[in-house]
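**Q** File name coords.pdb; file contents PDB, C-alpha atoms; full text below.
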ATOM      1  CA  MET A   1      23.401  25.968 -30.311
ATOM      2  CA  GLU A   2      24.911  23.209 -28.187
ATOM      3  CA  LEU A   3      22.327  20.977 -26.529
ATOM      4  CA  GLU A   4      23.502  21.738 -22.969
ATOM      5  CA  ASN A   5      23.380  25.497 -23.657
ATOM      6  CA  LEU A   6      19.914  25.202 -25.175
ATOM      7  CA  LEU A   7      18.589  23.275 -22.166
ATOM      8  CA  GLU A   8      20.222  25.653 -19.686
ATOM      9  CA  ASP A   9      18.834  28.679 -21.531
ATOM     10  CA  ILE A  10      15.253  27.411 -21.556
ATOM     11  CA  LYS A  11      15.484  26.368 -17.904
ATOM     12  CA  LYS A  12      16.588  29.909 -16.940
ATOM     13  CA  ARG A  13      13.588  31.314 -18.826
ATOM     14  CA  GLY A  14      11.189  29.060 -16.917
ATOM     15  CA  ILE A  15      10.389  26.762 -19.830
ATOM     16  CA  ASN A  16       9.871  23.138 -18.834
ATOM     17  CA  LEU A  17      10.652  20.103 -20.972
ATOM     18  CA  TRP A  18       9.613  16.560 -20.167
ATOM     19  CA  LEU A  19       8.686  13.276 -21.777
ATOM     20  CA  GLU A  20       5.166  11.934 -21.778
ATOM     21  CA  ASN A  21       4.201   8.848 -23.767
ATOM     22  CA  ASN A  22       7.632   9.059 -25.394
ATOM     23  CA  LYS A  23       6.827  12.529 -26.786
ATOM     24  CA  LEU A  24       8.571  15.781 -25.992
ATOM     25  CA  GLN A  25       6.347  18.145 -24.013
ATOM     26  CA  ILE A  26       7.064  21.844 -23.630
ATOM     27  CA  TYR A  27       5.459  24.236 -21.170
ATOM     28  CA  SER A  28       6.051  27.959 -21.076
ATOM     29  CA  PRO A  29       4.570  29.885 -18.118
ATOM     30  CA  LYS A  30       4.275  33.081 -20.162
ATOM     31  CA  LYS A  31       2.804  33.617 -23.596
ATOM     32  CA  ASN A  32       5.199  34.505 -26.415
ATOM     33  CA  ILE A  33       8.300  33.503 -24.410
ATOM     34  CA  LEU A  34       9.163  30.915 -27.069
ATOM     35  CA  THR A  35      10.725  32.553 -30.093
ATOM     36  CA  SER A  36      10.758  31.211 -33.623
ATOM     37  CA  ASP A  37      14.476  30.467 -33.058
ATOM     38  CA  ASP A  38      13.533  28.363 -30.003
ATOM     39  CA  ILE A  39      11.025  26.384 -32.026
ATOM     40  CA  ASP A  40      13.570  25.874 -34.824
ATOM     41  CA  ASN A  41      16.157  24.706 -32.259
ATOM     42  CA  PHE A  42      13.649  22.246 -30.768
ATOM     43  CA  ARG A  43      12.820  20.854 -34.196
ATOM     44  CA  GLN A  44      16.474  20.551 -35.245
ATOM     45  CA  ASN A  45      17.537  18.952 -31.947
ATOM     46  CA  LYS A  46      14.400  16.950 -31.143
ATOM     47  CA  GLN A  47      16.042  13.506 -31.306
ATOM     48  CA  LYS A  48      19.069  14.670 -29.290
ATOM     49  CA  ILE A  49      16.778  16.236 -26.682
ATOM     50  CA  LEU A  50      14.689  13.046 -26.450
ATOM     51  CA  GLN A  51      17.813  10.895 -26.041
ATOM     52  CA  PHE A  52      19.230  13.251 -23.418
ATOM     53  CA  LEU A  53      15.996  13.366 -21.412
ATOM     54  CA  LYS A  54      15.668   9.564 -21.531
ATOM     55  CA  LYS A  55      19.004   9.233 -19.724
ATOM     56  CA  GLY A  56      17.059  10.426 -16.687
ATOM     57  CA  ASP A  57      19.594  12.754 -15.112
ATOM     58  CA  TYR A  58      18.212  16.098 -16.274
ATOM     59  CA  ILE A  59      16.630  18.046 -13.430
ATOM     60  CA  SER A  60      13.868  20.217 -14.830
ATOM     61  CA  LYS A  61      13.048  22.032 -11.579
ATOM     62  CA  SER A  62      14.241  22.289  -7.994
ATOM     63  CA  TYR A  63      11.997  23.412  -5.159
ATOM     64  CA  PRO A  64      12.513  23.945  -1.450
ATOM     65  CA  LEU A  65      11.077  21.219   0.775
ATOM     66  CA  SER A  66       7.842  21.826   2.665
ATOM     67  CA  ARG A  67       7.915  21.487   6.450
ATOM     68  CA  GLY A  68       6.354  18.030   6.196
ATOM     69  CA  GLN A  69       8.933  16.931   3.621
ATOM     70  CA  LYS A  70      11.751  18.258   5.804
ATOM     71  CA  ALA A  71      10.393  16.288   8.753
ATOM     72  CA  LEU A  72      10.182  13.083   6.707
ATOM     73  CA  TYR A  73      13.675  13.639   5.318
ATOM     74  CA  PHE A  74      15.015  14.165   8.851
ATOM     75  CA  ILE A  75      13.347  10.920  10.002
ATOM     76  CA  HIS A  76      14.841   9.173   6.961
ATOM     77  CA  GLU A  77      18.331  10.484   7.810
ATOM     78  CA  MET A  78      17.974   9.248  11.407
ATOM     79  CA  SER A  79      16.711   5.815  10.330
ATOM     80  CA  PRO A  80      17.492   5.198   6.636
ATOM     81  CA  GLU A  81      16.596   1.494   6.841
ATOM     82  CA  SER A  82      13.082   2.179   8.119
ATOM     83  CA  ALA A  83      10.053   1.455   5.944
ATOM     84  CA  ALA A  84       7.679   3.190   8.362
ATOM     85  CA  TYR A  85       6.418   5.616   5.719
ATOM     86  CA  ASN A  86       6.222   3.169   2.818
ATOM     87  CA  ILE A  87       2.742   2.699   1.447
ATOM     88  CA  GLY A  88       2.286  -0.668  -0.141
ATOM     89  CA  PHE A  89      -0.350  -3.122  -1.187
ATOM     90  CA  ALA A  90      -0.598  -6.443  -2.916
ATOM     91  CA  ILE A  91      -3.130  -7.532  -5.497
ATOM     92  CA  ARG A  92      -3.710 -11.104  -6.609
ATOM     93  CA  ILE A  93      -4.428 -11.286 -10.341
ATOM     94  CA  LEU A  94      -6.050 -14.527 -11.427
ATOM     95  CA  SER A  95      -5.778 -14.237 -15.199
ATOM     96  CA  ARG A  96      -3.170 -13.973 -17.917
ATOM     97  CA  LEU A  97      -1.230 -10.760 -17.665
ATOM     98  CA  ASP A  98       0.426  -8.738 -20.406
ATOM     99  CA  THR A  99       3.566  -7.696 -18.523
ATOM    100  CA  GLU A 100       4.714  -5.424 -21.351
ATOM    101  CA  ALA A 101       1.428  -3.490 -21.183
ATOM    102  CA  MET A 102       1.761  -3.290 -17.401
ATOM    103  CA  GLN A 103       5.325  -1.950 -17.745
ATOM    104  CA  LYS A 104       4.161   0.694 -20.247
ATOM    105  CA  THR A 105       1.230   1.683 -18.032
ATOM    106  CA  LEU A 106       3.417   2.165 -14.979
ATOM    107  CA  GLN A 107       5.956   4.116 -17.075
ATOM    108  CA  ALA A 108       3.127   6.389 -18.285
ATOM    109  CA  LEU A 109       2.035   6.909 -14.674
ATOM    110  CA  ILE A 110       5.531   8.059 -13.731
ATOM    111  CA  GLU A 111       5.750  10.318 -16.777
ATOM    112  CA  ARG A 112       2.423  11.921 -15.911
ATOM    113  CA  HIS A 113       3.110  12.585 -12.207
ATOM    114  CA  ALA A 114       6.209  14.631 -11.395
ATOM    115  CA  SER A 115       6.139  13.569  -7.733
ATOM    116  CA  LEU A 116       7.089  10.051  -8.889
ATOM    117  CA  ARG A 117      10.194  11.472 -10.616
ATOM    118  CA  THR A 118      11.321  13.536  -7.636
ATOM    119  CA  GLY A 119      14.384  13.052  -5.472
ATOM    120  CA  PHE A 120      15.693  14.972  -2.474
ATOM    121  CA  ALA A 121      19.141  16.492  -2.139
ATOM    122  CA  ARG A 122      21.158  18.669   0.165
ATOM    123  CA  GLN A 123      22.782  21.585  -1.637
ATOM    124  CA  GLU A 124      26.308  22.816  -0.903
ATOM    125  CA  ASN A 125      24.879  25.472   1.430
ATOM    126  CA  GLY A 126      23.078  22.721   3.413
ATOM    127  CA  LYS A 127      19.622  23.632   2.142
ATOM    128  CA  LEU A 128      17.328  20.716   1.281
ATOM    129  CA  VAL A 129      15.618  20.745  -2.112
ATOM    130  CA  GLN A 130      13.438  18.439  -4.138
ATOM    131  CA  ASN A 131      14.665  17.857  -7.677
ATOM    132  CA  VAL A 132      12.110  16.975 -10.322
ATOM    133  CA  TYR A 133      13.634  14.935 -13.134
ATOM    134  CA  THR A 134      12.244  15.156 -16.647
ATOM    135  CA  TYR A 135      12.276  11.379 -17.129
ATOM    136  CA  LYS A 136      12.859   8.280 -15.075
ATOM    137  CA  LYS A 137      12.910   4.834 -16.612
ATOM    138  CA  PHE A 138      10.674   2.422 -14.716
ATOM    139  CA  HIS A 139      11.568  -1.233 -14.367
ATOM    140  CA  LEU A 140       8.879  -3.734 -13.399
ATOM    141  CA  GLU A 141      10.706  -6.556 -11.677
ATOM    142  CA  ASN A 142       9.114  -9.880 -12.606
ATOM    143  CA  ILE A 143       9.948 -12.597 -10.076
ATOM    144  CA  ASP A 144       9.331 -16.284 -10.695
ATOM    145  CA  ALA A 145       7.415 -17.525  -7.644
ATOM    146  CA  SER A 146       6.166 -20.747  -9.234
ATOM    147  CA  ASN A 147       8.069 -22.955  -6.780
ATOM    148  CA  TRP A 148       7.092 -21.022  -3.664
ATOM    149  CA  ASN A 149       4.430 -22.068  -1.183
ATOM    150  CA  GLU A 150       1.950 -19.470   0.127
ATOM    151  CA  SER A 151       4.046 -18.777   3.224
ATOM    152  CA  GLU A 152       7.210 -18.067   1.187
ATOM    153  CA  LEU A 153       5.220 -15.856  -1.172
ATOM    154  CA  LYS A 154       3.826 -13.786   1.717
ATOM    155  CA  THR A 155       7.319 -13.483   3.216
ATOM    156  CA  GLN A 156       8.798 -12.229  -0.076
ATOM    157  CA  VAL A 157       5.939  -9.763  -0.664
ATOM    158  CA  GLN A 158       6.436  -8.435   2.883
ATOM    159  CA  LYS A 159      10.206  -8.081   2.306
ATOM    160  CA  ALA A 160       9.515  -6.136  -0.900
ATOM    161  CA  HIS A 161       7.222  -3.796   1.013
ATOM    162  CA  GLU A 162       9.723  -3.275   3.829
ATOM    163  CA  LYS A 163      12.629  -2.352   1.559
ATOM    164  CA  PRO A 164      13.449   1.309   2.257
ATOM    165  CA  PHE A 165      13.577   3.936  -0.462
ATOM    166  CA  ASP A 166      16.644   6.027  -1.212
ATOM    167  CA  LEU A 167      15.180   9.543  -1.056
ATOM    168  CA  SER A 168      18.101  10.993  -3.006
ATOM    169  CA  ASN A 169      17.218   8.759  -5.930
ATOM    170  CA  ALA A 170      14.173   9.853  -7.903
ATOM    171  CA  SER A 171      12.584   6.429  -7.704
ATOM    172  CA  LEU A 172       9.995   6.872  -5.007
ATOM    173  CA  PHE A 173       7.712   4.344  -6.667
ATOM    174  CA  ARG A 174       8.329   0.693  -7.377
ATOM    175  CA  ALA A 175       6.392  -2.409  -8.247
ATOM    176  CA  LYS A 176       7.269  -6.085  -8.261
ATOM    177  CA  LEU A 177       5.362  -8.801 -10.020
ATOM    178  CA  PHE A 178       5.484 -12.217  -8.348
ATOM    179  CA  SER A 179       4.327 -14.822 -10.892
ATOM    180  CA  LYS A 180       3.042 -18.107  -9.457
ATOM    181  CA  ALA A 181       1.665 -19.368 -12.777
ATOM    182  CA  LYS A 182       0.649 -17.985 -16.197
ATOM    183  CA  SER A 183      -2.699 -17.058 -14.705
ATOM    184  CA  GLU A 184      -1.717 -16.141 -11.143
ATOM    185  CA  HIS A 185       0.294 -13.072 -10.183
ATOM    186  CA  ILE A 186       0.786 -10.911  -7.110
TER     187      ILE A 186
END
Transcribe the structure of this file into structure tokens.

**A**
Amino acid sequence: MELENLLEDIKKRGINLWLENNKLQIYSPKKNILTSDDIDNFRQNKQKILQFLKKGDYISKSYPLSRGQKALYFIHEMSPESAAYNIGFAIRILSRLDTEAMQKTLQALIERHASLRTGFARQENGKLVQNVYTYKKFHLENIDASNWNESELKTQVQKAHEKPFDLSNASLFRAKLFSKAKSEHI
């Protein structure tokens, strides 16, 4: 069975696929919905499925927006450059930091919480939906701030916080690491 047909078939049957800790996860809402043929197809195509899901453009589920989400989307459409609803914070870390471990931790967070892999779209009929993607690659931006004074650092952290999100893109979470020294990060 072609990969696209396999994925479309399982989606129609309500079976969800996603990546968590780089492993393929399968959820079936009903018992015995997975046949032995399904399991064989998953085993035979596991690497292809993993590669496809890692591209990040496979929508596992679409849901209508709640009233609150519709209101926020409307506000976003009226003022797309606004950061009024961004929630941000800064932490000063005064020790050595394993940036690779931090990257992996934040990727695991996104894999675990579907809301962090969700984007909003308007369908052809004008209806707003939220699309949950099976996988989104997270990139921790590491910025060299070693030559900045405290005022410049605060300005850059504030600019990072004020950058608006693109609600159509399923990247509603971001993090930046400003490195002042090997043992000082924000």

**Q** Smallest atom-to-atom distance to Arg67 (chain A): which of A:Leu153, A:Leu128, A:Ala114, A:Leu6, using only C-alpha atoms?

**A**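 The shortest atom-to-atom distance to Arg67 (chain A) comes from A:Leu128.
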
**Q** With distances taken over only C-alpha atoms, which of A:Ser60, A:Phe89, A:Leu106, A:Thr118 is nearest to Val157 (chain A)?

**A**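 Looking only at the distances to Val157 (chain A), the closest residue turns out to be A:Phe89.
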
**Q** I'd like the neighbourhood of Tyr133 (chain A) as a list in words, where a residue qualifies if any of its atoms comes within 10 Å (using all atoms listed in the file), though same-chain residues fewer than 3 positions away should be ignored.

**A** Leu17, Trp18, Leu53, Gly56, Asp57, Tyr58, Ile59, Ser60, Lys61, Ser62, Glu111, Ala114, Ser115, Leu116, Arg117, Thr118, Gly119, Gln130, Lys136 and Ala170 of chain A

**Q** For this file, the PyMOL selection byres ((chain A and resi 186) around 7) selects which residues, as a PyMOL selection string?

**A** chain A and resi 90-93+177-179+185

**Q** What does the structure give for the distance between CA of His113 (chain A) and CA of Ile26 (chain A), in Å to one decimal?

**A**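 Taking CA of His113 (chain A) and CA of Ile26 (chain A), their separation equals 15.2 Å.
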
**Q** What lies within 10 Å of Leu109 (chain A) using all atoms listed in the file, ignoring chain neighbours under 5 positions off, as a PyMOL selection string?

**A** chain A and resi 20-21+103-104+114+116+138

**Q** For Asp98 (chain A), which of A:Thr134, A:Ser79, A:Ser183, A:Thr35 is the closest residue, counting all atoms listed in the file?

**A**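 Smallest distance to Asp98 (chain A) is found for A:Ser183.
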
**Q** Would you work out the distance separating CA of Ile15 (chain A) from CA of Thr105 (chain A), expressed in Å to one decimal?

**A**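 Result for CA of Ile15 (chain A) versus CA of Thr105 (chain A): 26.8 Å, one decimal.
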
**Q** Do you know which residues the PyMOL selection byres ((chain A and resi 120) around 10) returns on this file, as a JSON list (two decimals) with C-alpha atoms, keeping the file's coordinate frame?

**A**
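This went into part26.json:
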[["chain", "number", "residue", "atom", "x", "y", "z"],
["A", 62, "SER", "CA", 14.24, 22.29, -7.99],
["A", 63, "TYR", "CA", 12.00, 23.41, -5.16],
["A", 64, "PRO", "CA", 12.51, 23.94, -1.45],
["A", 65, "LEU", "CA", 11.08, 21.22, 0.78],
["A", 69, "GLN", "CA", 8.93, 16.93, 3.62],
["A", 70, "LYS", "CA", 11.75, 18.26, 5.80],
["A", 73, "TYR", "CA", 13.68, 13.64, 5.32],
["A", 118, "THR", "CA", 11.32, 13.54, -7.64],
["A", 119, "GLY", "CA", 14.38, 13.05, -5.47],
["A", 121, "ALA", "CA", 19.14, 16.49, -2.14],
["A", 122, "ARG", "CA", 21.16, 18.67, 0.16],
["A", 123, "GLN", "CA", 22.78, 21.58, -1.64],
["A", 128, "LEU", "CA", 17.33, 20.72, 1.28],
["A", 129, "VAL", "CA", 15.62, 20.74, -2.11],
["A", 130, "GLN", "CA", 13.44, 18.44, -4.14],
["A", 131, "ASN", "CA", 14.66, 17.86, -7.68],
["A", 132, "VAL", "CA", 12.11, 16.98, -10.32],
["A", 166, "ASP", "CA", 16.64, 6.03, -1.21],
["A", 167, "LEU", "CA", 15.18, 9.54, -1.06],
["A", 168, "SER", "CA", 18.10, 10.99, -3.01],
["A", 169, "ASN", "CA", 17.22, 8.76, -5.93],
["A", 170, "ALA", "CA", 14.17, 9.85, -7.90]]

**Q** From the list A:Asn86, A:Asn142, A:Gln158, A:Asn16, which residue is nearest Leu72 (chain A) when using all atoms listed in the file?

**A**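 Among the listed residues, the smallest separation from Leu72 (chain A) belongs to A:Asn86.
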
**Q** Can you spell out as an MDAnalysis selection string the set of residues that the PyMOL selection byres ((chain A and resi 80) around 12) selects in the structure I just provided?

**A** chainID A and resid 72:79 81:85 162:168

**Q** Which value, in Å to one decimal, gives the distance between CA of Gln156 (chain A) and CA of Ala108 (chain A)?

**A**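 Atom-to-atom, CA of Gln156 (chain A) and CA of Ala108 (chain A) are spaced 26.7 Å apart.
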